[in-house]
>>> print(open('run_33.cif').read())   # mmCIF, C-alpha atoms
data_target
#
loop_
_atom_site.label_atom_id
_atom_site.label_comp_id
_atom_site.auth_asym_id
_atom_site.auth_seq_id
_atom_site.Cartn_x
_atom_site.Cartn_y
_atom_site.Cartn_z
CA MET A 1 12.07 -5.93 137.78
CA ASP A 2 13.19 -7.81 140.89
CA LYS A 3 12.85 -11.55 141.46
CA VAL A 4 10.11 -10.65 143.98
CA GLU A 5 6.55 -11.47 142.91
CA PHE A 6 5.22 -8.53 140.87
CA ASP A 7 1.79 -7.24 141.90
CA PHE A 8 0.24 -5.88 138.71
CA GLU A 9 -2.91 -4.58 140.45
CA LYS A 10 -0.85 -2.72 143.04
CA ALA A 11 1.28 -1.14 140.31
CA MET A 12 -1.83 -0.06 138.41
CA ALA A 13 -3.30 1.46 141.55
CA GLU A 14 -0.08 3.39 142.13
CA LEU A 15 -0.18 4.66 138.54
CA GLU A 16 -3.74 5.90 139.11
CA LYS A 17 -2.61 7.81 142.23
CA ILE A 18 0.31 9.30 140.30
CA ALA A 19 -2.07 10.48 137.58
CA GLU A 20 -4.26 12.16 140.19
CA LYS A 21 -1.25 13.91 141.74
CA VAL A 22 0.10 15.09 138.40
CA GLU A 23 -3.32 16.46 137.41
CA ASP A 24 -3.69 18.34 140.70
CA PRO A 25 -2.84 22.03 140.21
CA GLN A 26 -1.42 22.12 143.75
CA THR A 27 1.35 19.63 142.88
CA GLY A 28 4.74 21.32 142.41
CA LEU A 29 6.97 20.79 139.38
CA GLY A 30 9.61 18.95 141.42
CA GLU A 31 7.06 16.42 142.66
CA ILE A 32 5.61 16.05 139.17
CA ASP A 33 9.09 15.23 137.89
CA GLU A 34 9.50 12.54 140.58
CA GLN A 35 6.05 11.12 139.87
CA VAL A 36 6.73 10.96 136.11
CA LYS A 37 9.99 9.08 136.75
CA ARG A 38 8.21 6.64 139.06
CA SER A 39 5.42 6.15 136.54
CA LYS A 40 7.98 5.28 133.84
CA GLU A 41 9.41 2.57 136.13
CA LEU A 42 5.95 1.19 136.87
CA ILE A 43 4.96 1.19 133.20
CA LYS A 44 8.15 -0.65 132.29
CA ASP A 45 7.46 -3.26 135.00
CA CYS A 46 3.81 -3.62 133.95
CA ARG A 47 4.77 -4.11 130.31
CA GLY A 48 7.34 -6.74 131.29
CA TYR A 49 4.77 -8.52 133.42
CA LEU A 50 2.15 -8.46 130.66
CA ARG A 51 4.70 -9.70 128.11
CA ALA A 52 5.65 -12.59 130.41
CA MET A 53 1.99 -13.47 131.01
CA ARG A 54 1.26 -13.39 127.26
CA GLU A 55 4.18 -15.78 126.64
CA LYS A 56 2.99 -18.05 129.46
CA VAL A 57 -0.56 -18.16 128.05
CA ALA A 58 0.79 -18.90 124.56
CA ALA A 59 2.91 -21.76 125.93
CA LEU A 60 -0.04 -23.20 127.84
CA THR A 61 -2.26 -22.90 124.78
CA GLN A 62 0.30 -24.76 122.68
CA GLU A 63 0.60 -27.43 125.38
CA GLU A 64 -3.16 -27.84 125.52
CA ALA A 65 -3.41 -28.08 121.73
CA ALA A 66 -0.78 -30.83 121.73
CA LEU A 67 -2.80 -32.80 124.28
CA GLN A 68 -6.10 -32.62 122.38
CA ILE A 69 -7.59 -36.04 121.75
CA PRO A 70 -8.93 -36.54 118.23
CA GLN A 71 -12.70 -36.73 118.13
CA GLU A 72 -14.72 -39.55 116.61
CA PRO A 73 -16.03 -38.86 113.11
CA GLN A 74 -19.39 -37.11 113.12
CA MET A 75 -22.45 -38.32 111.24
CA PRO A 76 -23.14 -36.22 108.14
CA GLN A 77 -26.19 -33.99 108.39
CA GLY A 78 -29.34 -35.59 106.99
CA ARG A 79 -28.00 -39.14 107.40
CA GLN A 80 -28.62 -39.61 111.10
CA GLY A 81 -28.35 -43.26 112.04
CA GLN A 82 -26.48 -44.17 108.86
CA TRP A 83 -22.76 -44.31 108.27
CA PRO A 84 -21.41 -43.00 105.00
CA ALA A 85 -20.81 -45.76 102.45
CA SER A 86 -17.05 -45.58 103.01
CA GLN A 87 -17.49 -46.28 106.72
CA GLY A 88 -20.47 -48.63 106.75
CA GLN A 89 -20.37 -52.37 107.28
CA GLY A 90 -17.11 -52.23 109.23
CA GLN A 91 -15.21 -50.71 106.33
CA GLY A 92 -13.04 -47.61 106.55
CA ARG A 93 -12.60 -47.80 110.30
CA GLY A 94 -10.09 -50.62 110.40
CA LEU A 95 -12.66 -53.22 111.54
CA GLN A 96 -13.11 -56.48 109.71
CA ASP A 97 -16.10 -57.91 111.58
CA ASN A 98 -18.81 -59.46 109.47
CA ASP A 99 -21.67 -58.51 111.76
CA GLY A 100 -22.56 -55.41 109.71
CA LEU A 101 -22.11 -52.98 112.61
CA PRO A 102 -19.99 -49.87 112.03
CA PHE A 103 -18.24 -50.23 115.40
#
>>> encode(input="run_33.cif", output="structure tokens")
Amino acid sequence: MDKVEFDFEKAMAELEKIAEKVEDPQTGLGEIDEQVKRSKELIKDCRGYLRAMREKVAALTQEEAALQIPQEPQMPQGRQGQWPASQGQGQGRGLQDNDGLPF
């Protein structure tokens, strides 16, 4: 594949046209041979492109995961408005205030 920007959609469209030509009973064997060779080139380029895109998406996903900000602890179900005993009264969250608030 050249350093030129690869157009996946254009390659797929060309593969569709090749398939139509090869399936046409009017297409000669010589042309079928040429079309099959061209389709092999296009398939190789498409696979390379898809492989590169998969690697790019994986890298971006890893980058995004590394940038995730930890979320605040969630209230346990059924105890809305109350902090668990380990986190109530300023305990367990690194706060030493004596005002009784959990934040």
>>> closest_residue(input="run_33.cif", among="A:Arg38, A:Tyr49, A:Glu55, A:Leu67", to="Leu15 in chain A", atoms="all atoms listed in the file")
A:Arg38
>>> closest_residue(input="run_33.cif", among="A:Ala19, A:Leu50, A:Val36, A:Ala65", to="Asp7 in chain A", atoms="all atoms listed in the file")
A:Leu50
>>> atom_distance(input="run_33.cif", atom1="CA of Lys37 in chain A", atom2="CA of Lys21 in chain A")
13.2 Å
>>> closest_residue(input="run_33.cif", among="A:Glu23, A:Glu34, A:Ile18, A:Arg47", to="Phe6 in chain A", atoms="only C-alpha atoms")
A:Arg47
>>> atom_distance(input="run_33.cif", atom1="CA of Glu63 in chain A", atom2="CA of Glu5 in chain A")
24.4 Å
